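One file, data_19.cif, carrying mmCIF, C-alpha atoms:
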data_run
#
loop_
_atom_site.label_atom_id
_atom_site.label_comp_id
_atom_site.auth_asym_id
_atom_site.auth_seq_id
_atom_site.Cartn_x
_atom_site.Cartn_y
_atom_site.Cartn_z
CA ILE A 1 121.35 94.12 33.37
CA ILE A 2 122.02 97.85 33.57
CA ALA A 3 119.76 98.43 30.57
CA ASN A 4 116.99 96.33 32.16
CA ASN A 5 117.33 98.18 35.45
CA GLY A 6 117.09 101.45 33.55
CA ASN A 7 113.92 100.33 31.80
CA MET A 8 112.39 99.19 35.09
CA GLY A 9 113.28 102.51 36.67
CA ASP A 10 111.63 104.41 33.82
CA PHE A 11 108.56 102.18 34.08
CA PHE A 12 108.08 102.83 37.80
CA MET A 13 108.80 106.52 37.36
CA ASN A 14 106.21 106.79 34.56
CA ASN A 15 103.70 104.89 36.69
CA LYS A 16 104.36 107.22 39.61
CA ILE A 17 103.89 110.31 37.44
CA LYS A 18 100.70 108.84 35.96
CA ASN A 19 99.29 108.01 39.40
CA TRP A 20 100.04 111.46 40.76
CA SER A 21 98.54 113.07 37.66
CA LEU A 22 95.30 111.14 38.17
CA ILE A 23 95.28 112.05 41.86
CA ILE A 24 95.76 115.76 41.16
CA ILE A 25 93.06 115.70 38.45
CA GLY A 26 90.70 113.96 40.90
CA ILE A 27 91.41 116.56 43.60
CA ILE A 28 90.88 119.48 41.21
CA VAL A 29 87.66 118.05 39.71
CA GLY A 30 86.30 117.15 43.16
CA SER A 31 87.13 120.61 44.53
CA ALA A 32 85.43 122.30 41.55
CA VAL A 33 82.27 120.21 42.04
CA MET A 34 82.23 120.97 45.78
CA ALA A 35 82.64 124.70 45.12
CA LEU A 36 79.76 124.66 42.63
CA GLY A 37 77.46 123.07 45.19
CA ILE A 38 78.45 125.56 47.86
CA ASP A 39 78.44 128.75 45.73
CA LEU A 40 75.32 128.03 43.66
CA PHE A 41 73.14 126.57 46.40
CA LEU A 42 74.36 126.57 50.00
CA LEU A 43 76.22 129.86 50.45
CA PRO A 44 73.56 132.17 48.91
CA ASN A 45 71.02 130.68 51.35
CA LYS A 46 73.35 130.87 54.39
CA LEU A 47 73.37 127.07 54.64
CA SER A 48 76.35 125.21 56.07
CA SER A 49 78.09 122.18 54.62
CA GLY A 50 79.87 121.62 57.92
CA GLY A 51 83.61 121.78 58.49
CA PHE A 52 85.62 124.88 57.69
CA SER A 53 83.27 125.75 54.82
CA GLY A 54 80.53 126.22 57.40
CA LEU A 55 82.76 128.54 59.44
CA ALA A 56 83.72 130.39 56.27
CA THR A 57 80.02 131.00 55.57
CA ILE A 58 79.78 132.93 58.86
CA PHE A 59 82.85 135.06 58.03
CA TYR A 60 81.45 135.65 54.54
CA TYR A 61 78.25 137.25 55.83
CA VAL A 62 79.47 138.84 59.08
CA LEU A 63 82.89 140.17 58.01
CA HIS A 64 82.41 140.04 54.20
CA ILE A 65 85.57 137.95 53.73
CA PRO A 66 85.58 135.67 50.64
CA MET A 67 85.06 132.01 51.52
CA GLY A 68 88.22 130.87 49.76
CA VAL A 69 90.38 133.29 51.72
CA THR A 70 88.82 132.25 55.03
CA THR A 71 89.25 128.55 54.20
CA VAL A 72 92.98 129.01 53.56
CA ILE A 73 93.50 131.11 56.71
CA LEU A 74 91.68 128.58 58.91
CA ASN A 75 93.68 125.70 57.46
CA ILE A 76 97.17 127.24 57.77
CA PRO A 77 97.66 126.49 61.52
CA LEU A 78 96.07 123.09 60.96
CA PHE A 79 98.56 122.26 58.20
CA ILE A 80 101.50 123.32 60.36
CA TRP A 81 100.24 120.98 63.08
CA ALA A 82 99.41 118.20 60.63
CA ALA A 83 102.83 118.32 58.95
CA PHE A 84 104.30 116.49 61.94
CA LYS A 85 101.43 114.07 62.48
CA ILE A 86 100.24 112.70 59.13
CA GLY A 87 102.00 111.10 56.20
CA LYS A 88 103.80 113.26 53.65
CA LYS A 89 101.62 112.09 50.73
CA PHE A 90 98.34 112.78 52.51
CA PHE A 91 99.66 116.15 53.67
CA VAL A 92 100.63 117.18 50.11
CA LYS A 93 97.28 116.02 48.73
CA SER A 94 95.43 117.92 51.47
CA VAL A 95 97.32 121.12 50.67
CA ILE A 96 96.43 120.74 46.97
CA GLY A 97 92.81 120.01 47.88
CA THR A 98 92.52 123.05 50.16
CA ALA A 99 94.16 125.37 47.63
CA SER A 100 91.93 124.07 44.82
CA LEU A 101 88.73 124.38 46.83
CA SER A 102 89.62 127.90 47.97
CA PHE A 103 90.37 128.97 44.40
CA PHE A 104 87.10 127.58 43.01
CA LEU A 105 85.03 128.95 45.91
CA ASP A 106 86.11 132.51 45.12
CA LEU A 107 85.90 131.93 41.35
CA PHE A 108 82.35 130.53 41.33
CA ASP A 109 81.16 133.09 43.87
CA LYS A 110 80.78 135.47 40.91
CA ILE A 111 78.09 133.22 39.37
CA ASN A 112 74.47 134.01 40.22
CA PRO A 113 72.87 131.43 42.57
CA LEU A 114 70.44 129.00 40.98
CA THR A 115 67.74 129.17 43.66
CA GLY A 116 66.65 131.16 46.69
CA ASP A 117 64.52 128.32 48.01
CA ARG A 118 66.36 126.86 51.01
CA PHE A 119 64.72 123.46 50.70
CA LEU A 120 65.85 123.06 47.09
CA ALA A 121 69.24 124.55 47.96
CA CYS A 122 69.90 122.06 50.76
CA ILE A 123 68.91 119.11 48.55
CA TYR A 124 70.87 120.02 45.43
CA GLY A 125 73.73 121.60 47.37
CA GLY A 126 74.10 118.55 49.61
CA ILE A 127 74.05 116.15 46.66
CA ILE A 128 76.58 118.12 44.58
CA VAL A 129 78.95 118.75 47.51
CA GLY A 130 78.68 115.05 48.40
CA ILE A 131 79.68 114.06 44.86
CA GLY A 132 82.68 116.40 44.95
CA THR A 133 83.74 115.14 48.37
CA ALA A 134 83.48 111.51 47.21
CA ILE A 135 85.71 112.22 44.20
CA ILE A 136 88.35 113.68 46.53
CA LEU A 137 88.07 110.80 49.00
CA LYS A 138 88.40 108.32 46.11
CA VAL A 139 91.98 109.54 45.58
CA ASN A 140 92.60 109.44 49.35
CA ALA A 141 92.87 113.21 49.73
CA SER A 142 91.03 115.92 51.62
CA THR A 143 90.26 119.63 51.47
CA GLY A 144 91.46 120.23 55.02
CA GLY A 145 89.00 121.21 57.73
CA SER A 146 87.19 118.53 59.72
CA GLU A 147 88.67 115.68 57.66
CA LEU A 148 92.19 116.81 58.50
CA ILE A 149 91.30 117.36 62.15
CA SER A 150 89.87 113.84 62.38
CA ASN A 151 93.05 112.40 60.84
CA ILE A 152 95.21 114.23 63.38
CA ILE A 153 92.98 113.11 66.27
CA ASN A 154 93.21 109.55 64.98
CA ARG A 155 97.03 109.77 65.13
CA TYR A 156 96.83 110.73 68.81
CA ASN A 157 94.11 108.24 69.73
CA SER A 158 93.27 105.47 67.26
CA ASN A 159 90.27 104.41 69.40
CA ILE A 160 88.38 107.55 68.35
CA LYS A 161 86.50 106.93 65.11
CA MET A 162 87.26 109.49 62.41
CA SER A 163 83.59 109.61 61.38
CA ASN A 164 82.58 110.47 64.95
CA ALA A 165 85.12 113.30 65.12
CA ILE A 166 83.77 114.77 61.85
CA VAL A 167 80.15 114.53 63.06
CA VAL A 168 80.98 116.28 66.35
CA PHE A 169 82.79 119.10 64.54
CA ASP A 170 79.94 119.49 62.01
CA ILE A 171 77.37 119.70 64.84
CA PHE A 172 79.44 122.44 66.46
CA VAL A 173 79.67 124.40 63.18
CA VAL A 174 75.93 124.09 62.40
CA SER A 175 75.08 125.18 65.98
CA LEU A 176 77.36 128.18 65.54
CA ASN A 177 75.58 129.10 62.29
CA ILE A 178 72.23 129.05 64.11
CA LEU A 179 73.55 131.30 66.89
CA VAL A 180 75.11 133.81 64.47
CA PHE A 181 72.22 134.03 61.99
CA LYS A 182 69.54 133.50 64.67
CA GLU A 183 67.47 131.24 62.41
CA ILE A 184 66.69 127.68 63.46
CA GLU A 185 65.71 126.86 59.85
CA ILE A 186 69.32 127.38 58.78
CA GLY A 187 70.39 124.62 61.16
CA LEU A 188 67.61 122.26 60.08
CA TYR A 189 68.29 122.69 56.37
CA SER A 190 72.06 122.53 56.93
CA ALA A 191 71.68 119.25 58.81
CA LEU A 192 69.66 117.86 55.89
CA ALA A 193 72.32 119.02 53.41
CA ILE A 194 75.09 117.35 55.45
CA TYR A 195 73.04 114.13 55.65
CA LEU A 196 72.59 114.12 51.86
CA MET A 197 76.32 114.70 51.44
CA GLY A 198 76.99 111.60 53.49
CA LYS A 199 74.48 109.52 51.54
CA MET A 200 75.99 110.58 48.21
CA ILE A 201 79.45 109.62 49.45
CA ASP A 202 78.09 106.19 50.48
CA ILE A 203 76.42 105.69 47.09
CA LEU A 204 79.52 106.63 45.09
CA PHE A 205 81.75 104.45 47.25
CA GLU A 206 79.48 101.45 47.70
CA GLY A 207 77.16 101.57 44.71
CA ILE A 208 73.39 101.76 44.32
CA PHE A 209 72.82 98.18 43.24
CA PHE A 210 72.06 96.64 46.60
CA THR A 211 72.32 92.88 46.83
CA LYS A 212 70.88 90.63 49.50
CA CYS A 213 72.83 87.95 51.33
CA MET A 214 70.75 85.03 52.61
CA PHE A 215 71.67 82.47 55.25
CA ILE A 216 69.49 79.36 55.37
CA ILE A 217 69.85 77.05 58.35
CA THR A 218 68.15 73.75 57.58
CA ASP A 219 68.47 69.98 57.77
CA LYS A 220 67.70 69.78 54.04
CA SER A 221 70.50 71.97 52.75
CA GLU A 222 71.47 69.73 49.84
CA GLU A 223 67.91 69.50 48.48
CA ILE A 224 67.31 73.27 48.84
CA SER A 225 70.64 74.06 47.21
CA LYS A 226 69.85 71.93 44.15
CA VAL A 227 66.42 73.55 43.61
CA ILE A 228 67.85 77.09 43.99
CA GLY A 229 70.52 76.30 41.41
CA ARG A 230 68.15 74.56 38.99
CA ASP A 231 65.08 76.84 39.17
CA ILE A 232 66.48 80.24 40.19
CA HIS A 233 69.97 79.86 38.71
CA LYS A 234 71.74 81.04 41.85
CA GLY A 235 74.70 79.38 43.45
CA THR A 236 74.89 78.59 47.15
CA THR A 237 77.82 78.00 49.48
CA GLY A 238 77.74 75.56 52.38
CA LEU A 239 79.22 76.83 55.63
CA TYR A 240 79.79 74.34 58.42
CA GLY A 241 78.19 75.46 61.66
CA LYS A 242 77.00 74.12 64.96
CA GLY A 243 73.67 74.78 66.66
CA MET A 244 74.66 75.43 70.26
CA PHE A 245 71.14 74.91 71.63
CA GLU A 246 70.82 71.38 70.24
CA ASN A 247 74.60 70.77 70.09
CA LYS A 248 74.13 69.64 66.50
CA ASP A 249 76.33 70.13 63.43
CA ARG A 250 74.61 71.69 60.43
CA LEU A 251 75.44 72.89 56.94
CA ILE A 252 74.39 76.54 56.59
CA LEU A 253 73.58 77.73 53.08
CA MET A 254 74.78 81.18 52.06
CA CYS A 255 73.42 82.76 48.89
CA ALA A 256 73.94 86.22 47.36
CA ALA A 257 70.88 87.27 45.37
CA ALA A 258 69.23 90.27 43.76
CA ARG A 259 66.14 91.67 45.47
CA ARG A 260 63.82 90.11 42.90
CA ASP A 261 65.17 86.61 43.73
CA VAL A 262 64.91 86.85 47.51
CA ILE A 263 61.21 85.91 47.68
CA LYS A 264 61.76 83.01 45.25
CA ILE A 265 64.62 81.59 47.31
CA LYS A 266 62.68 82.04 50.55
CA ASN A 267 59.65 80.25 49.08
CA VAL A 268 61.83 77.36 47.88
CA ALA A 269 63.44 76.97 51.30
CA LYS A 270 60.12 77.14 53.16
CA LYS A 271 58.44 74.71 50.76
CA ILE A 272 61.14 72.07 51.19
CA ASP A 273 61.70 72.69 54.89
CA PRO A 274 58.95 74.67 56.70
CA GLN A 275 61.21 74.75 59.78
CA ALA A 276 64.11 76.41 57.93
CA PHE A 277 65.65 79.37 59.74
CA ILE A 278 66.38 82.18 57.24
CA ILE A 279 68.41 85.34 57.74
CA ILE A 280 68.37 88.07 55.06
CA THR A 281 70.91 90.90 55.20
CA ASN A 282 72.00 93.73 52.91
CA ALA A 283 75.21 93.38 50.91
CA ARG A 284 76.45 96.63 49.35
CA GLU A 285 78.51 95.01 46.62
CA VAL A 286 79.12 91.49 45.38
CA PHE A 287 81.92 90.62 42.96
CA GLY A 288 82.10 87.43 40.97
CA MET A 289 80.12 85.26 38.58
CA GLY A 290 76.60 86.61 38.08
CA PHE A 291 77.45 89.91 39.76
CA LYS A 292 80.10 92.61 39.30
CA LYS A 293 83.39 91.56 37.71
#
Let's see the structure in the file written out as structure tokens.
Amino acid sequence: IIANNGNMGDFFMNNKIKNWSLIIIGIIVGSAVMALGIDLFLLPNKLSSGGFSGLATIFYYVLHIPMGVTTVILNIPLFIWAAFKIGKKFFVKSVIGTASLSFFLDLFDKINPLTGDRFLACIYGGIIVGIGTAIILKVNASTGGSELISNIINRYNSNIKMSNAIVVFDIFVVSLNILVFKEIEIGLYSALAIYLMGKMIDILFEGIFFTKCMFIITDKSEEISKVIGRDIHKGTTGLYGKGMFENKDRLILMCAAARRDVIKIKNVAKKIDPQAFIIITNAREVFGMGFKK
């Protein structure tokens, strides 16, 4: 029994070390990617990525302080505050993320920027920073700044959405950039970069292979279901529902389908029952037979 307990202890310890190693690698890689996007595209064109990086851009040009140094200084009081409000694991990961990002920001600042065109800079910078941010979020970490602020706010008031807190802070930072640099274009391009960051995060978290979910309300559910399965090779699920207007029980067909199959399924349903009521919605990801495993 002692030997077995020892083996189990080693197993869990090895798993814990492995998990933390993967987390740290994810944080470091994500921070490096973020820094590349900022230093090669956004920073040279005075564009903001929001959060503390956006504030650091102002200090970089006005006071000539390296971005990495500013990022650490801005985060220190935040970390002291956060130490008492957020979990120990998230706090440690945030410290590692902030330190990594600061290091790479000052390291890659020595590389010549890839473009002086603000439009190209906001597109490529936003995409690359979004990829780096998504990698860090995948391991449930952060690089401090607005993400950490939103987590702290959420601890005080859980009714405030974290995404809303981040958006408000980013709007404040972009507005500050416009006031300091006195160029409205900086704000417009920065807003576009931040939007692209958000879209990249969504894509990496939710995938690019959009699937449609169809709901077919009909009195001929069994007949429609058979034809969909036989001719289009898609399965359907019957959900029991009740039409409140007619006070009538009905079987509602639900079917997950690729975009190319939506028209086929709709045509089948309409052909069999012209009065069928069809709802088509987006489904980010579908797992199971015929889809992702």
Legend entry - Sel. within 7 Å of pt (87.6, 123.9, 42.5), counting all atoms listed in the file, output as a list in words: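 Checked against the point, the hits come out as Ile28, Val29, Gly30, Ser31, Ala32, Val33, Met34, Ala35, Ser100, Leu101, Phe103, Phe104 and Leu105 of chain A.
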Legend entry - Proximity to Thr70 (chain A) - best of A:Lys110, A:Val129, A:Thr98, A:Leu47, only C-alpha atoms: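 Ranked by minimum distance to Thr70 (chain A), first place goes to A:Thr98.
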Inset, instruction - Would you kindly return, as JSON, numbers by chain, each protein, DNA or RNA residue with an atom no farther than 12 Å from any atom of Ile178 (chain A), considering all atoms listed in the file and excluding same-chain residues fewer than 3 positions away? - result: {"A": [46, 47, 48, 54, 55, 57, 58, 171, 172, 173, 174, 175, 181, 182, 183, 184, 185, 186, 187, 188, 189, 190, 191]}
Only C-alpha atoms, please: the residues just picked out, written as a compact mmCIF listing (two decimals), in the frame of the given file.
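As written to disk, result-v3.txt reads:
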# COMPACT_ATOMS: atom_id res chain seq x y z
CA LYS A 46 73.35 130.87 54.39
CA LEU A 47 73.37 127.07 54.64
CA SER A 48 76.35 125.21 56.07
CA GLY A 54 80.53 126.22 57.40
CA LEU A 55 82.76 128.54 59.44
CA THR A 57 80.02 131.00 55.57
CA ILE A 58 79.78 132.93 58.86
CA ILE A 171 77.37 119.70 64.84
CA PHE A 172 79.44 122.44 66.46
CA VAL A 173 79.67 124.40 63.18
CA VAL A 174 75.93 124.09 62.40
CA SER A 175 75.08 125.18 65.98
CA PHE A 181 72.22 134.03 61.99
CA LYS A 182 69.54 133.50 64.67
CA GLU A 183 67.47 131.24 62.41
CA ILE A 184 66.69 127.68 63.46
CA GLU A 185 65.71 126.86 59.85
CA ILE A 186 69.32 127.38 58.78
CA GLY A 187 70.39 124.62 61.16
CA LEU A 188 67.61 122.26 60.08
CA TYR A 189 68.29 122.69 56.37
CA SER A 190 72.06 122.53 56.93
CA ALA A 191 71.68 119.25 58.81
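Proximity of A:Lys270, A:Arg259, A:Arg118, A:Lys138 to Asn45 (chain A), computed with all atoms listed in the file, is greatest for A:Arg118.
In terms of minimum interatomic distance to Thr115 (chain A), A:Leu43 ranks closest within A:Ala276, A:Leu43, A:Leu78, A:Ala56, counting only C-alpha atoms.
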Inset, instruction - Identify, on the basis of only C-alpha atoms, every residue whose closest approach to Gly126 (chain A) does not exceed 6 Å; exclude the query and any residue fewer than 6 positions from it along the same chain; express the result as a PyMOL selection string. - result: chain A and resi 193+196-197
Inset, instruction - Would you mind reading off the distance between CA of Ala134 (chain A) and CA of Ile80 (chain A), one decimal, in Å? - result: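 Taking CA of Ala134 (chain A) and CA of Ile80 (chain A), their separation equals 25.2 Å.
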Inset, instruction - Return the single residue from A:Arg230, A:Ala257, A:Ile216, A:Glu246 that is closest to Ile278 (chain A), with distances computed using all atoms listed in the file. - result: A:Ile216
Inset, instruction - Can you work out the spacing between CA of His233 (chain A) and CA of Asp202 (chain A) in Å, to one decimal? - result: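 For CA of His233 (chain A) relative to CA of Asp202 (chain A), the distance reads 30.0 Å.
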Inset, instruction - Tell me, in Å to one decimal, how far CA of Trp20 (chain A) is from CA of Ala141 (chain A). - result: 11.6 Å
Legend entry - Residue contacts of Met214 (chain A) (7 Å, all atoms listed in the file) excluding same-chain residues fewer than 4 positions away, as a count of residues only: 7
Legend entry - Nearest to Gly51 (chain A) by atom-to-atom distance, counting all atoms listed in the file, from A:Val167, A:Ile17, A:Ile25, A:Leu204: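 Ranking A:Val167, A:Ile17, A:Ile25, A:Leu204 by distance to Gly51 (chain A), first place goes to A:Val167.
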Legend entry - Of the listed residues A:Ile27, A:Met67, A:Ala258, A:Leu176, that which approaches Leu137 (chain A) most closely, counting only C-alpha atoms: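 That would be A:Ile27, the residue with the smallest distance to Leu137 (chain A).
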